[in-house]
Amino acid sequence: MGPGSDGDFRASMLDEVLPTGLSTTTTSAQRSYDIRGNLNQILPFNLRAQANVNYFSSIVSSQTYNVNIQDASRNNRSYGGNIVGAWRNYTLNATLNQSEYFFDANSSTIGGTWPRVSLMRNERPLGNSQMYVSVSGEYARQLRETKSTTIDATTGLRTNADVDTGLSRLDVSPQIRYPFKKWQWFTVNSTLSWRDTYYSRSYEPTDDPAVQPKVIDVGLNRPLFTIQSQIVGPVFNRVWDTPGNGYAEKFKHSIEPVLTIDKTSSVDNFTQIIQFDGIDSYVGGTRYTYGLNNRFYAKRSLVPGQPGQSREIFDVELSQSYYTDQRQSLYDRQYQTGTLLGTAVQTASHFSAIVLSGRAMPTNELNATVRAEFDARYHALRTISAQGSYAWGQQVQATLGWSKNGYIPELAGFNDPNLVDQSVNGSTNVHTKDNRYGGLYSFNYNVRQGLLVQQQITGFYNAQCCGLAFQYQTYNYGSSSIALVPADRRFFLSFTLAGLGNFSPFNGAMNGVPR
């Protein structure tokens, strides 16, 4: 309703009835439903609302009858929405969301926020000085609940066991920022902030780190100060004039040493704080993040006869962090392996992983990225990933990705050979300019196991009066998958008649096929 607003909604109900006269059955009759939808709505008073739902009542029915590859193995259901608004110097964001992840048909965990409301006073100059001041506040009801059901083999009696470790959190954070930009080749951006956070629940104090702490209904207050300085420079540049090379009339190479210093006041009650996100992971101490950035620019004309424009075509970044408190390495969210290490013991270190990342964008149609994390203590690779994409107008789109986890016997979280993984995935979409003919292909291949996890081949033809599409799909999620049908081969057919509509398989399949 109204310009700039749109939405879609789909609901289905499945009523299973067992035929009479059967002596055995592999499933019980049940009634289940599936709801999906999205909403984007403009509201008065400069507000915008968004909502989404992807919910099923039975994971058994969802995984058994969905014929879309992703839905056949999907183990989570969710719903939520948010309202955002901005008035001059103030910003409001109110969010409700809940997600439930199933480990099997009888156990799951719930997470999300119900609700999360944040209000921010955007930066403004402090008097006539070069400093800027801002303040933000947030209230969140954090959801975390583990649900499990056990069934007595003799009596069939069901016993539910729910463990709720959620809480309410109130957070206030004013800050002052001073940017030093007197020289282009050397800049310092410093921020001083104070943060006060109140938790309605906490962990019971314990002197034994091996004992799983118990959540108690005792409030906890955590005040802290943080000082951060982001230093870039001195920056070294070199420019080459290349008017006749056919690609660019000029090239520029920029070398940028970077150093970020984060100092946090001590957090004496850190072990009693229940962790949810980055607001809760302040350990205390000082973190030094240092690195070297290499950036390459090209000044080239995208349209013949037009003046050239400078754009970044390639960059390489190398960085690492040093922590005065080793516990900081377990909760640093700058690194992809930090969350994994945070679940293990005896992995704290003064040094983070060494990160090498690169990005190439030689043209508007082609780009590629690569990122690798090396363990500084054991001099071994933790993770590496690479991805590239190519697009030719709207007629050809293709992506290819590769990722690998390393094996480090001495490092917890990487010392299990069963967790070593290497995979390749890709997809392509090719069609004519008028969308009359086209095809789609996607795959995911597990290199370590030599297993084609999933593959989809789709083709379509559309005319003025009718349309025809087919799809062949295979998947094999392995014996450890919770999917009720872990492997299958399927073929689907769909046709469209002008004025009547589309006739296609129920419960998924043919996703992304224009009809």
# chains A, B, ... in the order shown; residues from 1 in each chain; ligands from 1
$ residues_around --residues "Thr289 (chain A)" --least-positions-apart "4" --cutoff "6 Å" --atoms "only C-alpha atoms" --output "ChimeraX atom specification"
/A:259-260,320-321
$ residues_around --residues "Gly291 (chain A)" --least-positions-apart "5" --cutoff "6 Å" --atoms "only C-alpha atoms" --output "number ranges by chain"
A: 258, 318-319
$ residues_around --residues "Tyr437 (chain A)" --least-positions-apart "3" --cutoff "8 Å" --atoms "only C-alpha atoms" --output "list in words"
His431, Thr432, Gly459, Phe460, Tyr461 and Asn462 of chain A
$ residues_around --residues "Asn502 (chain A)" --least-positions-apart "5" --cutoff "9 Å" --atoms "only C-alpha atoms" --output "number ranges by chain"
A: 467, 494-497, 515
$ write_last_selection --atoms "N, CA and C atoms" --output "CSV table (one decimal), in the first residue's frame"
chain,number,residue,atom,x,y,z
A,467,GLY,N,5.0,-21.1,-21.7
A,467,GLY,CA,6.4,-21.3,-21.2
A,467,GLY,C,6.6,-22.7,-20.7
A,494,SER,N,7.7,-27.8,-15.5
A,494,SER,CA,6.8,-26.8,-15.2
A,494,SER,C,6.4,-26.1,-16.5
A,495,PHE,N,5.1,-25.7,-16.6
A,495,PHE,CA,4.7,-25.0,-17.8
A,495,PHE,C,3.7,-23.8,-17.4
A,496,THR,N,3.7,-22.8,-18.3
A,496,THR,CA,2.9,-21.6,-18.0
A,496,THR,C,2.0,-21.4,-19.2
A,497,LEU,N,0.8,-21.1,-19.0
A,497,LEU,CA,-0.2,-20.7,-20.0
A,497,LEU,C,-0.6,-19.3,-19.8
A,515,ARG,N,9.2,-17.3,-15.1
A,515,ARG,CA,8.0,-17.9,-15.7
A,515,ARG,C,6.9,-16.9,-15.8
$ atom_distance --atom1 "CA of Ser357 (chain A)" --atom2 "CA of Arg333 (chain A)"
16.1 Å
$ residues_around --residues "Gly401 (chain A)" --least-positions-apart "6" --cutoff "12 Å" --atoms "only C-alpha atoms" --output "list in words"
Ala368, Thr369, Val370, Arg371, Ile384, Ser385, Ala386, Gln387, Gly388, Ser389, Gln422, Ser423, Val424, Asn425, Gly426, Ser427, Ser442, Phe443, Asn444 and Tyr445 of chain A
$ write_last_selection --atoms "N, CA and C atoms" --output "short mmCIF file (atom, residue, chain, number, x, y, z; two decimals), in the first residue's frame"
data_model
loop_
_atom_site.label_atom_id
_atom_site.label_comp_id
_atom_site.auth_asym_id
_atom_site.auth_seq_id
_atom_site.Cartn_x
_atom_site.Cartn_y
_atom_site.Cartn_z
N ALA A 368 37.31 -10.47 -7.93
CA ALA A 368 37.75 -11.66 -7.20
C ALA A 368 38.29 -11.24 -5.85
N THR A 369 38.12 -12.11 -4.86
CA THR A 369 38.63 -11.87 -3.50
C THR A 369 39.28 -13.14 -2.98
N VAL A 370 40.25 -12.96 -2.08
CA VAL A 370 40.89 -14.08 -1.41
C VAL A 370 41.24 -13.65 0.00
N ARG A 371 41.12 -14.56 0.96
CA ARG A 371 41.43 -14.27 2.36
C ARG A 371 42.01 -15.51 3.00
N ILE A 384 41.49 -20.63 4.47
CA ILE A 384 41.71 -19.86 3.25
C ILE A 384 40.45 -19.98 2.40
N SER A 385 40.08 -18.90 1.74
CA SER A 385 38.91 -18.91 0.87
C SER A 385 39.15 -17.95 -0.29
N ALA A 386 38.55 -18.26 -1.42
CA ALA A 386 38.66 -17.42 -2.61
C ALA A 386 37.34 -17.46 -3.36
N GLN A 387 37.00 -16.35 -3.97
CA GLN A 387 35.75 -16.27 -4.72
C GLN A 387 35.90 -15.29 -5.86
N GLY A 388 35.30 -15.63 -7.00
CA GLY A 388 35.32 -14.75 -8.15
C GLY A 388 33.96 -14.72 -8.81
N SER A 389 33.66 -13.64 -9.49
CA SER A 389 32.39 -13.52 -10.19
C SER A 389 32.58 -12.76 -11.50
N GLN A 422 37.33 -29.03 2.78
CA GLN A 422 37.70 -28.31 1.56
C GLN A 422 36.56 -28.46 0.56
N SER A 423 36.07 -27.35 0.05
CA SER A 423 34.90 -27.42 -0.82
C SER A 423 35.01 -26.40 -1.95
N VAL A 424 34.32 -26.70 -3.03
CA VAL A 424 34.23 -25.83 -4.20
C VAL A 424 32.75 -25.65 -4.53
N ASN A 425 32.34 -24.43 -4.82
CA ASN A 425 30.96 -24.19 -5.20
C ASN A 425 30.92 -23.19 -6.34
N GLY A 426 29.87 -23.27 -7.12
CA GLY A 426 29.74 -22.36 -8.25
C GLY A 426 28.32 -22.31 -8.76
N SER A 427 28.05 -21.28 -9.54
CA SER A 427 26.73 -21.14 -10.15
C SER A 427 26.85 -20.27 -11.39
N SER A 442 24.12 -24.89 -10.86
CA SER A 442 24.81 -24.63 -9.59
C SER A 442 25.27 -25.96 -9.03
N PHE A 443 26.36 -25.90 -8.24
CA PHE A 443 26.90 -27.12 -7.64
C PHE A 443 27.67 -26.79 -6.38
N ASN A 444 27.85 -27.79 -5.53
CA ASN A 444 28.69 -27.71 -4.35
C ASN A 444 29.41 -29.04 -4.22
N TYR A 445 30.75 -29.01 -4.22
CA TYR A 445 31.54 -30.23 -4.24
C TYR A 445 32.45 -30.28 -3.03
#
$ select_by_dssp --residues "region 271-457 of chain A" --states "helix (DSSP H, G or I)" --output "list in words"
Thr271, Gln272, Gly278, Ile279, Asp280, Gln326, Arg327, Gln328, Ser329, Leu330, Gly338, Thr339, Leu340, Leu341, Gly342, Pro417, Asn418 and Leu419 of chain A
$ residues_around --residues "Lys433 (chain A)" --least-positions-apart "3" --cutoff "12 Å" --atoms "only C-alpha atoms" --output "list in words"
Trp392, Gly393, Gln394, Gln395, Val396, Val430, Arg436, Tyr437 and Gly438 of chain A
$ residues_around --residues "Ala353 (chain A)" --least-positions-apart "4" --cutoff "8 Å" --atoms "only C-alpha atoms" --output "list of chain:residue names"
A:Gln320, A:Ser321, A:Tyr335, A:Glu373, A:Phe374, A:Asp375, A:Ala376
$ write_last_selection --atoms "N, CA, C and O atoms" --output "PDB file, in the first residue's frame"
ATOM      1  N   GLN A 320      47.716  -8.119  11.672  1.00  0.00           N
ATOM      2  CA  GLN A 320      47.758  -8.993  12.837  1.00  0.00           C
ATOM      3  C   GLN A 320      47.481  -8.147  14.065  1.00  0.00           C
ATOM      4  O   GLN A 320      47.630  -6.919  14.044  1.00  0.00           O
ATOM      5  N   SER A 321      47.068  -8.793  15.156  1.00  0.00           N
ATOM      6  CA  SER A 321      46.811  -8.089  16.415  1.00  0.00           C
ATOM      7  C   SER A 321      47.654  -8.693  17.533  1.00  0.00           C
ATOM      8  O   SER A 321      47.919  -9.891  17.549  1.00  0.00           O
ATOM      9  N   TYR A 335      38.466 -11.607  13.309  1.00  0.00           N
ATOM     10  CA  TYR A 335      39.053 -12.767  12.671  1.00  0.00           C
ATOM     11  C   TYR A 335      38.012 -13.885  12.584  1.00  0.00           C
ATOM     12  O   TYR A 335      37.284 -14.147  13.547  1.00  0.00           O
ATOM     13  N   GLU A 373      44.011 -16.943   6.771  1.00  0.00           N
ATOM     14  CA  GLU A 373      44.425 -16.708   8.147  1.00  0.00           C
ATOM     15  C   GLU A 373      45.466 -17.760   8.533  1.00  0.00           C
ATOM     16  O   GLU A 373      45.206 -18.967   8.434  1.00  0.00           O
ATOM     17  N   PHE A 374      46.653 -17.284   8.974  1.00  0.00           N
ATOM     18  CA  PHE A 374      47.758 -18.152   9.361  1.00  0.00           C
ATOM     19  C   PHE A 374      47.949 -18.085  10.868  1.00  0.00           C
ATOM     20  O   PHE A 374      47.864 -17.006  11.472  1.00  0.00           O
ATOM     21  N   ASP A 375      48.206 -19.222  11.476  1.00  0.00           N
ATOM     22  CA  ASP A 375      48.461 -19.250  12.910  1.00  0.00           C
ATOM     23  C   ASP A 375      49.886 -18.766  13.187  1.00  0.00           C
ATOM     24  O   ASP A 375      50.850 -19.312  12.641  1.00  0.00           O
ATOM     25  N   ALA A 376      50.002 -17.739  14.043  1.00  0.00           N
ATOM     26  CA  ALA A 376      51.307 -17.139  14.308  1.00  0.00           C
ATOM     27  C   ALA A 376      52.177 -18.010  15.198  1.00  0.00           C
ATOM     28  O   ALA A 376      53.408 -17.917  15.149  1.00  0.00           O
TER      29      ALA A 376
END
$ select_by_dssp --residues "region 63-123 of chain A" --states "strand (DSSP E or B)" --output "ChimeraX atom specification"
/A:76-87,90-104,107-123
$ closest_residue --among "A:Arg295, A:Arg287, A:Lys404, A:Arg300" --to "Ser352 (chain A)" --atoms "only C-alpha atoms"
A:Arg287
$ closest_residue --among "A:Glu16, A:Asp104, A:Glu410, A:Asp217" --to "Leu167 (chain A)" --atoms "only C-alpha atoms"
A:Asp217
$ closest_residue --among "A:Trp194, A:Phe276, A:Phe296, A:Tyr79" --to "Lys263 (chain A)" --atoms "only C-alpha atoms"
A:Trp194
$ closest_residue --among "A:Ser118, A:Ile231, A:Asp6, A:Thr242" --to "Phe180 (chain A)" --atoms "only C-alpha atoms"
A:Ile231
$ closest_residue --among "A:Thr191, A:Pro44, A:Asn68, A:Leu143" --to "Gln456 (chain A)" --atoms "only C-alpha atoms"
A:Asn68
$ decode --residues "region 265-281 of chain A" --atoms "all heavy atoms" --output "PDB file, in the first residue's frame"
ATOM      1  N   SER A 265      39.358  -0.436  29.756  1.00  0.00           N
ATOM      2  CA  SER A 265      39.562  -0.545  31.197  1.00  0.00           C
ATOM      3  C   SER A 265      39.257  -1.977  31.648  1.00  0.00           C
ATOM      4  O   SER A 265      38.589  -2.739  30.961  1.00  0.00           O
ATOM      5  CB  SER A 265      38.674   0.453  31.937  1.00  0.00           C
ATOM      6  OG  SER A 265      37.306   0.204  31.658  1.00  0.00           O
ATOM      7  N   SER A 266      39.755  -2.337  32.810  1.00  0.00           N
ATOM      8  CA  SER A 266      39.600  -3.711  33.298  1.00  0.00           C
ATOM      9  C   SER A 266      38.123  -4.036  33.538  1.00  0.00           C
ATOM     10  O   SER A 266      37.338  -3.189  33.966  1.00  0.00           O
ATOM     11  CB  SER A 266      40.383  -3.901  34.589  1.00  0.00           C
ATOM     12  OG  SER A 266      39.891  -3.030  35.594  1.00  0.00           O
ATOM     13  N   VAL A 267      37.755  -5.287  33.243  1.00  0.00           N
ATOM     14  CA  VAL A 267      36.397  -5.785  33.458  1.00  0.00           C
ATOM     15  C   VAL A 267      36.496  -6.886  34.504  1.00  0.00           C
ATOM     16  O   VAL A 267      36.776  -8.044  34.187  1.00  0.00           O
ATOM     17  CB  VAL A 267      35.772  -6.298  32.146  1.00  0.00           C
ATOM     18  CG1 VAL A 267      34.340  -6.758  32.379  1.00  0.00           C
ATOM     19  CG2 VAL A 267      35.823  -5.219  31.068  1.00  0.00           C
ATOM     20  N   ASP A 268      36.269  -6.530  35.749  1.00  0.00           N
ATOM     21  CA  ASP A 268      36.499  -7.472  36.847  1.00  0.00           C
ATOM     22  C   ASP A 268      35.491  -8.615  36.867  1.00  0.00           C
ATOM     23  O   ASP A 268      35.798  -9.711  37.343  1.00  0.00           O
ATOM     24  CB  ASP A 268      36.471  -6.737  38.193  1.00  0.00           C
ATOM     25  CG  ASP A 268      37.560  -5.668  38.283  1.00  0.00           C
ATOM     26  OD1 ASP A 268      38.624  -5.871  37.652  1.00  0.00           O
ATOM     27  OD2 ASP A 268      37.342  -4.642  38.946  1.00  0.00           O
ATOM     28  N   ASN A 269      34.271  -8.376  36.386  1.00  0.00           N
ATOM     29  CA  ASN A 269      33.231  -9.406  36.441  1.00  0.00           C
ATOM     30  C   ASN A 269      33.007 -10.055  35.082  1.00  0.00           C
ATOM     31  O   ASN A 269      31.905 -10.508  34.764  1.00  0.00           O
ATOM     32  CB  ASN A 269      31.926  -8.808  36.964  1.00  0.00           C
ATOM     33  CG  ASN A 269      31.539  -7.540  36.194  1.00  0.00           C
ATOM     34  OD1 ASN A 269      32.150  -7.196  35.189  1.00  0.00           O
ATOM     35  ND2 ASN A 269      30.514  -6.854  36.673  1.00  0.00           N
ATOM     36  N   PHE A 270      34.053 -10.127  34.239  1.00  0.00           N
ATOM     37  CA  PHE A 270      33.905 -10.660  32.881  1.00  0.00           C
ATOM     38  C   PHE A 270      33.404 -12.101  32.876  1.00  0.00           C
ATOM     39  O   PHE A 270      32.577 -12.480  32.045  1.00  0.00           O
ATOM     40  CB  PHE A 270      35.240 -10.569  32.136  1.00  0.00           C
ATOM     41  CG  PHE A 270      35.208 -11.169  30.759  1.00  0.00           C
ATOM     42  CD1 PHE A 270      34.605 -10.491  29.708  1.00  0.00           C
ATOM     43  CD2 PHE A 270      35.745 -12.422  30.518  1.00  0.00           C
ATOM     44  CE1 PHE A 270      34.551 -11.053  28.443  1.00  0.00           C
ATOM     45  CE2 PHE A 270      35.698 -12.991  29.261  1.00  0.00           C
ATOM     46  CZ  PHE A 270      35.101 -12.297  28.217  1.00  0.00           C
ATOM     47  N   THR A 271      33.889 -12.940  33.784  1.00  0.00           N
ATOM     48  CA  THR A 271      33.495 -14.356  33.798  1.00  0.00           C
ATOM     49  C   THR A 271      32.041 -14.557  34.183  1.00  0.00           C
ATOM     50  O   THR A 271      31.497 -15.649  33.990  1.00  0.00           O
ATOM     51  CB  THR A 271      34.386 -15.144  34.763  1.00  0.00           C
ATOM     52  OG1 THR A 271      34.293 -14.567  36.076  1.00  0.00           O
ATOM     53  CG2 THR A 271      35.839 -15.122  34.303  1.00  0.00           C
ATOM     54  N   GLN A 272      31.387 -13.516  34.699  1.00  0.00           N
ATOM     55  CA  GLN A 272      29.978 -13.631  35.080  1.00  0.00           C
ATOM     56  C   GLN A 272      29.038 -13.117  33.997  1.00  0.00           C
ATOM     57  O   GLN A 272      27.813 -13.242  34.132  1.00  0.00           O
ATOM     58  CB  GLN A 272      29.716 -12.855  36.378  1.00  0.00           C
ATOM     59  CG  GLN A 272      30.459 -13.384  37.587  1.00  0.00           C
ATOM     60  CD  GLN A 272      30.193 -12.522  38.798  1.00  0.00           C
ATOM     61  OE1 GLN A 272      31.065 -11.815  39.301  1.00  0.00           O
ATOM     62  NE2 GLN A 272      28.968 -12.564  39.286  1.00  0.00           N
ATOM     63  N   ILE A 273      29.594 -12.562  32.912  1.00  0.00           N
ATOM     64  CA  ILE A 273      28.778 -11.989  31.843  1.00  0.00           C
ATOM     65  C   ILE A 273      28.397 -13.073  30.844  1.00  0.00           C
ATOM     66  O   ILE A 273      29.255 -13.809  30.349  1.00  0.00           O
ATOM     67  CB  ILE A 273      29.532 -10.852  31.135  1.00  0.00           C
ATOM     68  CG1 ILE A 273      29.809  -9.715  32.125  1.00  0.00           C
ATOM     69  CG2 ILE A 273      28.728 -10.335  29.946  1.00  0.00           C
ATOM     70  CD1 ILE A 273      30.671  -8.614  31.558  1.00  0.00           C
ATOM     71  N   ILE A 274      27.124 -13.178  30.526  1.00  0.00           N
ATOM     72  CA  ILE A 274      26.636 -14.135  29.529  1.00  0.00           C
ATOM     73  C   ILE A 274      26.851 -13.524  28.151  1.00  0.00           C
ATOM     74  O   ILE A 274      26.360 -12.437  27.859  1.00  0.00           O
ATOM     75  CB  ILE A 274      25.149 -14.447  29.770  1.00  0.00           C
ATOM     76  CG1 ILE A 274      24.945 -14.971  31.199  1.00  0.00           C
ATOM     77  CG2 ILE A 274      24.641 -15.459  28.760  1.00  0.00           C
ATOM     78  CD1 ILE A 274      23.495 -15.179  31.568  1.00  0.00           C
ATOM     79  N   GLN A 275      27.599 -14.226  27.300  1.00  0.00           N
ATOM     80  CA  GLN A 275      28.005 -13.693  26.004  1.00  0.00           C
ATOM     81  C   GLN A 275      26.907 -13.860  24.952  1.00  0.00           C
ATOM     82  O   GLN A 275      26.360 -14.951  24.787  1.00  0.00           O
ATOM     83  CB  GLN A 275      29.274 -14.409  25.528  1.00  0.00           C
ATOM     84  CG  GLN A 275      30.454 -14.287  26.464  1.00  0.00           C
ATOM     85  CD  GLN A 275      31.079 -12.913  26.414  1.00  0.00           C
ATOM     86  OE1 GLN A 275      31.146 -12.285  25.368  1.00  0.00           O
ATOM     87  NE2 GLN A 275      31.548 -12.444  27.566  1.00  0.00           N
ATOM     88  N   PHE A 276      26.618 -12.753  24.245  1.00  0.00           N
ATOM     89  CA  PHE A 276      25.691 -12.797  23.120  1.00  0.00           C
ATOM     90  C   PHE A 276      26.305 -12.198  21.861  1.00  0.00           C
ATOM     91  O   PHE A 276      26.230 -12.779  20.800  1.00  0.00           O
ATOM     92  CB  PHE A 276      24.392 -12.055  23.463  1.00  0.00           C
ATOM     93  CG  PHE A 276      23.475 -12.818  24.368  1.00  0.00           C
ATOM     94  CD1 PHE A 276      23.537 -12.652  25.740  1.00  0.00           C
ATOM     95  CD2 PHE A 276      22.550 -13.713  23.854  1.00  0.00           C
ATOM     96  CE1 PHE A 276      22.708 -13.358  26.582  1.00  0.00           C
ATOM     97  CE2 PHE A 276      21.701 -14.423  24.683  1.00  0.00           C
ATOM     98  CZ  PHE A 276      21.781 -14.245  26.054  1.00  0.00           C
ATOM     99  N   ASP A 277      26.883 -11.001  21.972  1.00  0.00           N
ATOM    100  CA  ASP A 277      27.455 -10.346  20.796  1.00  0.00           C
ATOM    101  C   ASP A 277      28.645  -9.500  21.217  1.00  0.00           C
ATOM    102  O   ASP A 277      29.172  -9.648  22.331  1.00  0.00           O
ATOM    103  CB  ASP A 277      26.399  -9.505  20.065  1.00  0.00           C
ATOM    104  CG  ASP A 277      25.669  -8.542  21.009  1.00  0.00           C
ATOM    105  OD1 ASP A 277      26.317  -8.002  21.928  1.00  0.00           O
ATOM    106  OD2 ASP A 277      24.452  -8.337  20.826  1.00  0.00           O
ATOM    107  N   GLY A 278      29.084  -8.599  20.329  1.00  0.00           N
ATOM    108  CA  GLY A 278      30.277  -7.814  20.591  1.00  0.00           C
ATOM    109  C   GLY A 278      30.176  -6.900  21.792  1.00  0.00           C
ATOM    110  O   GLY A 278      31.207  -6.545  22.386  1.00  0.00           O
ATOM    111  N   ILE A 279      28.978  -6.479  22.185  1.00  0.00           N
ATOM    112  CA  ILE A 279      28.825  -5.620  23.362  1.00  0.00           C
ATOM    113  C   ILE A 279      29.284  -6.349  24.617  1.00  0.00           C
ATOM    114  O   ILE A 279      29.803  -5.731  25.554  1.00  0.00           O
ATOM    115  CB  ILE A 279      27.354  -5.168  23.491  1.00  0.00           C
ATOM    116  CG1 ILE A 279      26.995  -4.234  22.327  1.00  0.00           C
ATOM    117  CG2 ILE A 279      27.096  -4.476  24.827  1.00  0.00           C
ATOM    118  CD1 ILE A 279      25.560  -3.777  22.347  1.00  0.00           C
ATOM    119  N   ASP A 280      29.141  -7.677  24.642  1.00  0.00           N
ATOM    120  CA  ASP A 280      29.457  -8.456  25.845  1.00  0.00           C
ATOM    121  C   ASP A 280      30.901  -8.949  25.894  1.00  0.00           C
ATOM    122  O   ASP A 280      31.312  -9.518  26.903  1.00  0.00           O
ATOM    123  CB  ASP A 280      28.523  -9.670  25.937  1.00  0.00           C
ATOM    124  CG  ASP A 280      27.077  -9.294  25.703  1.00  0.00           C
ATOM    125  OD1 ASP A 280      26.660  -8.257  26.238  1.00  0.00           O
ATOM    126  OD2 ASP A 280      26.379 -10.042  24.989  1.00  0.00           O
ATOM    127  N   SER A 281      31.678  -8.779  24.824  1.00  0.00           N
ATOM    128  CA  SER A 281      32.981  -9.443  24.719  1.00  0.00           C
ATOM    129  C   SER A 281      34.161  -8.537  25.058  1.00  0.00           C
ATOM    130  O   SER A 281      35.287  -8.850  24.684  1.00  0.00           O
ATOM    131  CB  SER A 281      33.159 -10.018  23.318  1.00  0.00           C
ATOM    132  OG  SER A 281      33.059  -9.004  22.333  1.00  0.00           O
TER     133      SER A 281
END
